[in-house]
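Structure file structure.pdb; described as PDB, C-alpha atoms and all ligand atoms.
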ATOM      1  CA  MET T  13     -24.230  -3.642   0.078
ATOM      2  CA  PRO T  14     -22.712  -2.833   3.474
ATOM      3  CA  GLU T  15     -24.940  -4.259   6.216
ATOM      4  CA  LEU T  16     -25.025  -3.929   9.993
ATOM      5  CA  PRO T  17     -21.519  -5.291  10.764
ATOM      6  CA  GLU T  18     -19.811  -3.206   8.081
ATOM      7  CA  VAL T  19     -21.711  -0.003   8.875
ATOM      8  CA  GLN T  20     -21.290  -0.424  12.655
ATOM      9  CA  ALA T  21     -17.531  -1.024  12.448
ATOM     10  CA  HIS T  22     -17.183   1.903  10.048
ATOM     11  CA  ALA T  23     -19.101   4.180  12.413
ATOM     12  CA  GLU T  24     -16.655   3.208  15.153
ATOM     13  CA  ARG T  25     -13.660   3.951  12.886
ATOM     14  CA  LEU T  26     -15.106   7.336  11.905
ATOM     15  CA  THR T  27     -15.787   8.231  15.539
ATOM     16  CA  ALA T  28     -12.159   7.417  16.379
ATOM     17  CA  THR T  29     -10.833   9.666  13.613
ATOM     18  CA  CYS T  30     -13.432  12.457  13.396
ATOM     19  CA  ALA T  31     -14.921  13.071  16.850
ATOM     20  CA  GLY T  32     -14.096  16.607  17.909
ATOM     21  CA  ALA T  33     -13.351  17.873  14.393
ATOM     22  CA  VAL T  34     -15.079  21.219  13.859
ATOM     23  CA  LEU T  35     -17.188  21.528  10.709
ATOM     24  CA  THR T  36     -16.554  24.524   8.486
ATOM     25  CA  ALA T  37     -18.429  23.488   5.340
ATOM     26  CA  PHE T  38     -20.712  20.857   3.866
ATOM     27  CA  VAL T  39     -20.482  20.776   0.079
ATOM     28  CA  PRO T  40     -22.761  18.588  -2.050
ATOM     29  CA  CYS T  41     -20.981  17.537  -5.246
ATOM     30  CA  THR T  42     -24.203  16.663  -7.071
ATOM     31  CA  PHE T  43     -27.717  18.074  -7.081
ATOM     32  CA  THR T  44     -29.148  14.854  -5.701
ATOM     33  CA  ALA T  45     -26.720  14.150  -2.843
ATOM     34  CA  LEU T  46     -28.577  16.167  -0.179
ATOM     35  CA  LYS T  47     -32.086  14.777   0.214
ATOM     36  CA  THR T  48     -33.485  17.370   2.641
ATOM     37  CA  ALA T  49     -34.187  21.108   2.482
ATOM     38  CA  ARG T  50     -34.393  21.867   6.223
ATOM     39  CA  PRO T  51     -32.622  22.139   8.572
ATOM     40  CA  LEU T  52     -29.603  23.601   6.820
ATOM     41  CA  PRO T  53     -26.241  21.819   7.021
ATOM     42  CA  SER T  54     -24.733  25.190   7.933
ATOM     43  CA  ASP T  55     -26.466  24.883  11.317
ATOM     44  CA  ALA T  56     -23.531  22.630  12.252
ATOM     45  CA  TYR T  57     -20.785  25.034  11.120
ATOM     46  CA  GLY T  58     -18.454  25.827  14.001
ATOM     47  CA  LEU T  59     -19.543  22.735  15.932
ATOM     48  CA  PRO T  60     -17.510  19.588  16.662
ATOM     49  CA  VAL T  61     -18.514  16.110  15.544
ATOM     50  CA  LEU T  62     -19.972  14.427  18.659
ATOM     51  CA  ASP T  63     -19.639  10.937  17.245
ATOM     52  CA  VAL T  64     -20.593   8.790  14.288
ATOM     53  CA  GLY T  65     -23.356   6.330  15.101
ATOM     54  CA  ARG T  66     -25.560   3.919  13.214
ATOM     55  CA  ARG T  67     -29.269   3.226  12.793
ATOM     56  CA  GLY T  68     -30.088   0.370  10.460
ATOM     57  CA  LYS T  69     -27.740   0.779   7.513
ATOM     58  CA  TYR T  70     -27.413   4.557   7.975
ATOM     59  CA  LEU T  71     -24.276   6.201   9.318
ATOM     60  CA  LEU T  72     -25.171   9.103  11.641
ATOM     61  CA  VAL T  73     -22.630  11.942  11.734
ATOM     62  CA  ARG T  74     -23.888  13.754  14.801
ATOM     63  CA  PHE T  75     -23.493  17.374  15.822
ATOM     64  CA  GLU T  76     -25.326  19.032  18.715
ATOM     65  CA  SER T  77     -27.749  20.778  16.357
ATOM     66  CA  VAL T  78     -28.075  18.549  13.308
ATOM     67  CA  THR T  79     -27.272  14.985  12.324
ATOM     68  CA  PHE T  80     -26.200  13.917   8.852
ATOM     69  CA  ALA T  81     -27.767  10.526   8.111
ATOM     70  CA  VAL T  82     -25.732   8.943   5.321
ATOM     71  CA  HIS T  83     -26.917   5.915   3.353
ATOM     72  CA  LEU T  84     -24.200   4.195   1.341
ATOM     73  CA  MET T  85     -26.596   2.032  -0.710
ATOM     74  CA  GLN T  86     -24.684  -0.426  -2.908
ATOM     75  CA  GLY T  87     -21.400   1.224  -3.739
ATOM     76  CA  GLY T  88     -21.161   4.263  -1.476
ATOM     77  CA  ARG T  89     -18.241   4.932   0.837
ATOM     78  CA  LEU T  90     -17.658   7.627   3.441
ATOM     79  CA  VAL T  91     -13.909   8.088   3.744
ATOM     80  CA  GLU T  92     -11.257  10.618   4.673
ATOM     81  CA  ASP T  93     -10.788  12.890   1.686
ATOM     82  CA  VAL T  94      -7.029  12.931   1.391
ATOM     83  CA  LYS T  95      -6.760  14.608  -2.031
ATOM     84  CA  GLN T  96      -9.633  17.103  -1.671
ATOM     85  CA  SER T  97      -9.660  17.530  -5.439
ATOM     86  CA  ALA T  98     -12.111  19.948  -7.040
ATOM     87  CA  LYS T  99     -14.013  17.201  -8.846
ATOM     88  CA  PRO T 100     -13.520  13.954  -6.918
ATOM     89  CA  ARG T 101     -14.287  10.764  -8.836
ATOM     90  CA  GLY T 102     -17.723   9.506  -7.792
ATOM     91  CA  GLY T 103     -17.949  12.347  -5.281
ATOM     92  CA  GLN T 104     -21.378  12.968  -3.739
ATOM     93  CA  ALA T 105     -20.724  15.244  -0.787
ATOM     94  CA  ARG T 106     -17.869  16.594   1.299
ATOM     95  CA  TRP T 107     -17.582  17.664   4.936
ATOM     96  CA  VAL T 108     -14.701  20.096   5.521
ATOM     97  CA  PHE T 109     -13.207  20.521   8.990
ATOM     98  CA  ALA T 110     -11.309  23.400  10.624
ATOM     99  CA  ASP T 111      -8.169  21.273  11.029
ATOM    100  CA  GLY T 112      -7.850  20.956   7.237
ATOM    101  CA  ARG T 113      -9.212  17.438   6.981
ATOM    102  CA  ALA T 114     -12.368  16.423   5.134
ATOM    103  CA  LEU T 115     -14.748  13.504   4.742
ATOM    104  CA  LEU T 116     -15.983  12.508   1.300
ATOM    105  CA  LEU T 117     -19.045  10.488   0.382
ATOM    106  CA  THR T 118     -18.333   8.684  -2.869
ATOM    107  CA  GLU T 119     -20.475   6.375  -4.934
ATOM    108  CA  GLN T 120     -18.984   4.513  -7.842
ATOM    109  CA  GLY T 121     -21.160   3.355 -10.709
ATOM    110  CA  THR T 122     -24.098   5.073 -12.313
ATOM    111  CA  GLU T 123     -26.937   4.375  -9.883
ATOM    112  CA  ARG T 124     -26.315   7.432  -7.709
ATOM    113  CA  ARG T 125     -28.597   6.332  -4.926
ATOM    114  CA  ALA T 126     -26.382   7.054  -1.929
ATOM    115  CA  GLY T 127     -27.402  10.192  -0.139
ATOM    116  CA  VAL T 128     -27.361  12.503   2.841
ATOM    117  CA  TRP T 129     -30.299  13.544   5.000
ATOM    118  CA  CYS T 130     -29.767  16.521   7.320
ATOM    119  CA  VAL T 131     -32.098  16.202  10.321
ATOM    120  CA  PRO T 132     -32.381  17.827  13.773
ATOM    121  CA  THR T 133     -30.312  15.762  16.199
ATOM    122  CA  ALA T 134     -32.979  15.928  18.918
ATOM    123  CA  SER T 135     -35.604  14.286  16.718
ATOM    124  CA  ALA T 136     -33.423  12.391  14.245
ATOM    125  CA  LEU T 137     -34.828   8.977  15.089
ATOM    126  CA  THR T 138     -38.466  10.053  14.897
ATOM    127  CA  GLU T 139     -38.315  11.904  11.572
ATOM    128  CA  PRO T 140     -37.855  10.659   7.996
ATOM    129  CA  PRO T 141     -35.929   8.726   6.908
ATOM    130  CA  LEU T 142     -35.031   7.004  10.205
ATOM    131  CA  ASN T 143     -38.580   6.843  11.594
ATOM    132  CA  ARG T 144     -39.490   4.376   8.856
ATOM    133  CA  LEU T 145     -37.060   1.762  10.117
ATOM    134  CA  GLY T 146     -38.099  -1.322  12.054
ATOM    135  CA  PRO T 147     -36.440  -2.364  15.309
ATOM    136  CA  GLU T 148     -32.663  -2.778  15.296
ATOM    137  CA  ALA T 149     -31.704  -6.351  14.419
ATOM    138  CA  LEU T 150     -29.618  -6.731  17.576
ATOM    139  CA  SER T 151     -32.400  -5.358  19.799
ATOM    140  CA  LEU T 152     -34.722  -8.313  19.177
ATOM    141  CA  ASP T 153     -34.765 -11.427  21.351
ATOM    142  CA  ALA T 154     -36.909 -14.450  20.450
ATOM    143  CA  ASP T 155     -40.080 -12.865  21.876
ATOM    144  CA  GLY T 156     -39.508  -9.585  20.082
ATOM    145  CA  LEU T 157     -38.795 -11.363  16.823
ATOM    146  CA  GLN T 158     -41.927 -13.487  17.254
ATOM    147  CA  ARG T 159     -44.023 -10.314  17.594
ATOM    148  CA  GLN T 160     -42.529  -8.872  14.422
ATOM    149  CA  PHE T 161     -42.973 -12.183  12.558
ATOM    150  CA  THR T 162     -46.639 -12.371  13.569
ATOM    151  CA  ALA T 163     -47.272  -8.761  12.621
ATOM    152  CA  MET T 164     -45.621  -9.085   9.210
ATOM    153  CA  PRO T 165     -46.409 -12.399   7.501
ATOM    154  CA  MET T 166     -44.035 -12.908   4.586
ATOM    155  CA  ARG T 167     -41.137 -15.110   3.555
ATOM    156  CA  VAL T 168     -38.403 -15.178   6.193
ATOM    157  CA  HIS T 169     -35.773 -14.057   3.682
ATOM    158  CA  GLY T 170     -37.939 -11.125   2.606
ATOM    159  CA  PHE T 171     -38.590 -10.153   6.222
ATOM    160  CA  LEU T 172     -34.882 -10.115   7.075
ATOM    161  CA  ARG T 173     -34.168  -7.832   4.108
ATOM    162  CA  ASP T 174     -37.097  -5.484   4.823
ATOM    163  CA  GLN T 175     -35.840  -2.414   6.708
ATOM    164  CA  HIS T 176     -39.386  -1.679   7.919
ATOM    165  CA  ALA T 177     -39.560  -5.147   9.521
ATOM    166  CA  ILE T 178     -36.055  -5.315  11.018
ATOM    167  CA  ALA T 179     -33.289  -2.778  10.492
ATOM    168  CA  GLY T 180     -29.684  -3.414   9.526
ATOM    169  CA  LEU T 181     -29.718  -6.681   7.597
ATOM    170  CA  GLY T 182     -29.639  -7.196   3.831
ATOM    171  CA  ARG T 183     -29.371  -9.864   1.167
ATOM    172  CA  ARG T 184     -26.160 -11.330   2.484
ATOM    173  CA  MET T 185     -27.142 -11.508   6.156
ATOM    174  CA  ALA T 186     -30.584 -12.870   5.227
ATOM    175  CA  ASN T 187     -28.862 -15.807   3.522
ATOM    176  CA  GLU T 188     -26.434 -16.362   6.387
ATOM    177  CA  VAL T 189     -29.081 -16.080   9.124
ATOM    178  CA  CYS T 190     -31.454 -18.567   7.484
ATOM    179  CA  HIS T 191     -28.598 -21.039   6.988
ATOM    180  CA  ARG T 192     -27.362 -20.728  10.569
ATOM    181  CA  ALA T 193     -30.897 -21.155  11.883
ATOM    182  CA  LYS T 194     -31.519 -24.130   9.560
ATOM    183  CA  VAL T 195     -34.701 -22.415   8.419
ATOM    184  CA  SER T 196     -35.949 -22.310   4.838
ATOM    185  CA  PRO T 197     -35.655 -18.788   3.439
ATOM    186  CA  PHE T 198     -39.052 -19.417   1.820
ATOM    187  CA  SER T 199     -40.946 -20.263   5.037
ATOM    188  CA  ASN T 200     -43.636 -17.867   6.130
ATOM    189  CA  THR T 201     -42.734 -15.814   9.208
ATOM    190  CA  ALA T 202     -46.210 -16.227  10.721
ATOM    191  CA  LYS T 203     -46.093 -20.032  10.467
ATOM    192  CA  LEU T 204     -42.663 -20.747  11.947
ATOM    193  CA  PRO T 205     -42.726 -22.879  15.115
ATOM    194  CA  PRO T 206     -41.385 -21.160  18.265
ATOM    195  CA  ALA T 207     -38.163 -23.193  18.235
ATOM    196  CA  ALA T 208     -37.392 -21.983  14.706
ATOM    197  CA  VAL T 209     -38.134 -18.375  15.678
ATOM    198  CA  ALA T 210     -35.722 -18.736  18.589
ATOM    199  CA  SER T 211     -33.107 -20.178  16.211
ATOM    200  CA  VAL T 212     -33.485 -17.213  13.867
ATOM    201  CA  ALA T 213     -33.087 -14.785  16.787
ATOM    202  CA  VAL T 214     -29.875 -16.518  17.869
ATOM    203  CA  ALA T 215     -28.627 -16.710  14.279
ATOM    204  CA  ILE T 216     -29.103 -12.952  13.798
ATOM    205  CA  HIS T 217     -26.927 -12.247  16.824
ATOM    206  CA  GLU T 218     -24.281 -14.830  15.866
ATOM    207  CA  ALA T 219     -24.028 -13.752  12.224
ATOM    208  CA  CYS T 220     -23.820 -10.078  13.178
ATOM    209  CA  SER T 221     -21.229 -10.786  15.890
ATOM    210  CA  GLU T 222     -19.062 -12.800  13.508
ATOM    211  CA  GLY T 223     -19.262 -10.106  10.841
ATOM    212  CA  LEU T 224     -18.566  -7.341  13.317
ATOM    213  CA  ALA T 225     -15.570  -9.149  14.833
ATOM    214  CA  TYR T 226     -14.072  -9.527  11.355
ATOM    215  CA  GLU T 227     -14.884  -5.988  10.313
ATOM    216  CA  ARG T 228     -13.286  -4.541  13.445
ATOM    217  CA  THR T 229      -9.948  -6.111  12.426
ATOM    218  CA  ARG T 230      -9.893  -3.943   9.294
ATOM    219  CA  ALA T 231      -8.700  -0.399   8.695
ATOM    220  CA  ASP T 232     -11.344   0.126   5.999
ATOM    221  CA  MET T 233     -14.718  -1.266   4.995
ATOM    222  CA  SER T 234     -14.546  -4.753   3.502
ATOM    223  CA  SER T 235     -15.816  -5.633   0.060
ATOM    224  CA  SER T 236     -18.429  -8.362  -0.061
ATOM    225  CA  ALA T 237     -16.005 -11.065  -1.261
ATOM    226  CA  ASP T 238     -13.922 -10.658   1.918
ATOM    227  CA  ARG T 239     -16.743 -11.099   4.412
ATOM    228  CA  PRO T 240     -17.072 -14.285   6.456
ATOM    229  CA  GLY T 241     -20.006 -16.586   5.794
ATOM    230  CA  GLY T 242     -21.195 -20.027   4.846
ATOM    231  CA  VAL T 243     -23.656 -19.720   1.963
ATOM    232  CA  HIS T 244     -23.940 -16.214   0.522
ATOM    233  CA  GLY T 245     -22.527 -16.097  -3.001
ATOM    234  CA  ARG T 246     -21.398 -19.729  -2.759
ATOM    235  CA  SER T 247     -23.733 -21.456  -5.222
ATOM    236  CA  GLY T 248     -22.304 -24.843  -6.194
ATOM    237  CA  GLU T 249     -19.867 -25.004  -3.276
ATOM    238  CA  PRO T 250     -20.219 -27.552  -0.452
ATOM    239  CA  CYS T 251     -22.219 -26.505   2.613
ATOM    240  CA  PRO T 252     -19.775 -25.931   5.500
ATOM    241  CA  ALA T 253     -22.170 -27.712   7.873
ATOM    242  CA  CYS T 254     -23.118 -30.853   5.901
ATOM    243  CA  THR T 255     -21.232 -30.776   2.530
ATOM    244  CA  ASP T 256     -24.444 -30.817   0.461
ATOM    245  CA  THR T 257     -24.256 -28.475  -2.542
ATOM    246  CA  ILE T 258     -25.354 -24.898  -1.857
ATOM    247  CA  ARG T 259     -28.182 -23.892  -4.177
ATOM    248  CA  ALA T 260     -29.462 -20.565  -5.445
ATOM    249  CA  VAL T 261     -32.744 -19.040  -6.457
ATOM    250  CA  THR T 262     -32.199 -15.789  -8.300
ATOM    251  CA  TYR T 263     -34.663 -12.918  -8.365
ATOM    252  CA  SER T 264     -34.258  -9.545 -10.005
ATOM    253  CA  GLY T 265     -31.690  -7.809  -7.857
ATOM    254  CA  TYR T 266     -30.790 -10.547  -5.369
ATOM    255  CA  THR T 267     -30.018 -14.225  -4.968
ATOM    256  CA  VAL T 268     -31.239 -16.549  -2.245
ATOM    257  CA  ASN T 269     -28.553 -19.100  -1.326
ATOM    258  CA  TYR T 270     -29.492 -22.103   0.788
ATOM    259  CA  CYS T 271     -28.505 -25.658   1.645
ATOM    260  CA  PRO T 272     -31.247 -28.200   0.856
ATOM    261  CA  THR T 273     -30.127 -30.674   3.525
ATOM    262  CA  CYS T 274     -29.825 -28.045   6.285
ATOM    263  CA  GLN T 275     -32.821 -25.898   5.362
ATOM    264  CA  THR T 276     -35.458 -27.394   3.073
ATOM    265  CA  ASN T 277     -35.601 -31.113   4.031
ATOM    266  CA  GLY T 278     -33.509 -31.872   0.979
ATOM    267  CA  LYS T 279     -35.878 -30.161  -1.409
ATOM    268  CA  VAL T 280     -34.197 -28.333  -4.292
ATOM    269  CA  LEU T 281     -36.204 -25.370  -5.509
ATOM    270  CA  ALA T 282     -36.487 -24.787  -9.223
ATOM    271  CA  ASP T 283     -34.322 -22.044 -10.565
ATOM    272  CA  ASN T 284     -33.575 -21.912 -14.262
ATOM    273  CA  THR T 285     -30.763 -19.411 -13.794
ATOM    274  CA  THR T 286     -28.723 -21.902 -11.764
ATOM    275  CA  SER T 287     -29.740 -25.074 -13.589
ATOM    276  CA  ARG T 288     -26.109 -25.810 -14.301
ATOM    277  CA  PHE T 289     -25.712 -26.682 -10.619
ATOM    278  CA  LEU T 290     -28.667 -29.044 -10.650
ATOM    279  CA  LYS T 291     -27.444 -31.373 -13.364
TER
HETATM  280 ZN    ZN Z 301     -25.957 -28.007   4.832
END
Full structure transcribed into structure tokens:
Amino acid sequence: MPELPEVQAHAERLTATCAGAVLTAFVPCTFTALKTARPLPSDAYGLPVLDVGRRGKYLLVRFESVTFAVHLMQGGRLVEDVKQSAKPRGGQARWVFADGRALLLTEQGTERRAGVWCVPTASALTEPPLNRLGPEALSLDADGLQRQFTAMPMRVHGFLRDQHAIAGLGRRMANEVCHRAKVSPFSNTAKLPPAAVASVAVAIHEACSEGLAYERTRADMSSSADRPGGVHGRSGEPCPACTDTIRAVTYSGYTVNYCPTCQTNGKVLADNTTSRFLK
């Protein structure tokens, strides 16, 4: 899933190409693409795109009157619609501009969870769905993170993935942040010593900066295999910091990758799905 670095860099690319383009039509391709009833997308007809911003993992296509909050979920993409075919493959919604160009939200696969929320620009951040998000990941220093950790006791990895706790990170960044901070993904947020909290705060900024720097070199959004990192998706490979073998614990829907030497005092956690790496 695209996370903060990918979504932020893509927002910047879309601002560069779309700012100023005047909207003439918004056309959902499926019944489920538009998640809101009011305000109407047509409130933005005749208005130019101000910019494309980001909150958490949402892209915000902003007009003076309304903002389209777009969530890409796992396989969604928001791209220039070069072909503008009548039935685009995986098409979810299309924005048509007066200069003849268009943007297309696509989602490959069968999940169909990507979507568009049309909200008043003036109150976009304080209405659903954006009002449910926790503080921006890059807005938290060590003190701010400590407050959130204390308020929401849970596993560190779960906290980092929870958009209500901290917005913008996901499975991949949770793995990378814990590894950088040399913190066990299974530690409880409320029990971490202050030095470890400070390390997590620094690791969030470093991992996001590295991802963003890479993503800004690209003309399009990366796929997960291209993204820089040390542990995510690297079960069985040597840890880049200490050469110990990277381990995995797999849950339904996501995998926690970690280095025992760097993060769990050498302890290998049981995981039957990756037992082949433990032999
Ligand atoms: Zn290591």
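The spacing separating CA of Arg246 in chain T from CA of Ile258 in chain T amounts to 6.6 Å.
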* **Residues within 7 Å of (-28.9, -3.5, 8.3), counting all atoms listed in the file, listed as a list in words** =>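 Neighbouring residues, ordered by chain and number, come to Glu15, Leu16, Gly68, Lys69, Ala179, Gly180, Leu181 and Gly182 of chain T.
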* Could you spell out the hits of the PyMOL selection byres (((not hetatm)) within 6 of (chain Z and resi 301)) on the shown file, as a list in words? ->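 Listing what the PyMOL selection byres (((not hetatm)) within 6 of (chain Z and resi 301)) selects in the shown file: Cys251, Ala253, Cys254, Thr255, Asp256, Cys271, Thr273 and Cys274 of chain T.
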* Residue IDs satisfying the PyMOL selection byres (((chain T and resi 276) around 12) and not hetatm), as a PyMOL selection string -> chain T and resi 190-191+193-199+256+258-259+269-275+277-281
* For Asn143 in chain T, work out the shell of residues within 12 Å, counting all atoms listed in the file and skipping chain neighbours fewer than 5 positions away, then give it as a list in words. => Arg67, Gly68, Tyr70, Ala81, Val131, Ser135, Ala136, Leu137, Thr138, Glu148, Gln175, His176 and Ala179 of chain T
* Target residues per the PyMOL selection byres (((chain T and resi 231-235) around 10) and not hetatm), formatted as a ChimeraX atom specification -> /T:13-14,17-19,21-22,25,87,89-91,226-230,236-239
* **12 Å contact set for Val168 in chain T, all atoms listed in the file, chain neighbours under 3 positions out, as a PyMOL selection string** => chain T and resi 157-158+160-162+164-165+171-174+177-178+183+185-187+189-191+193-204+208-209+212-213+268
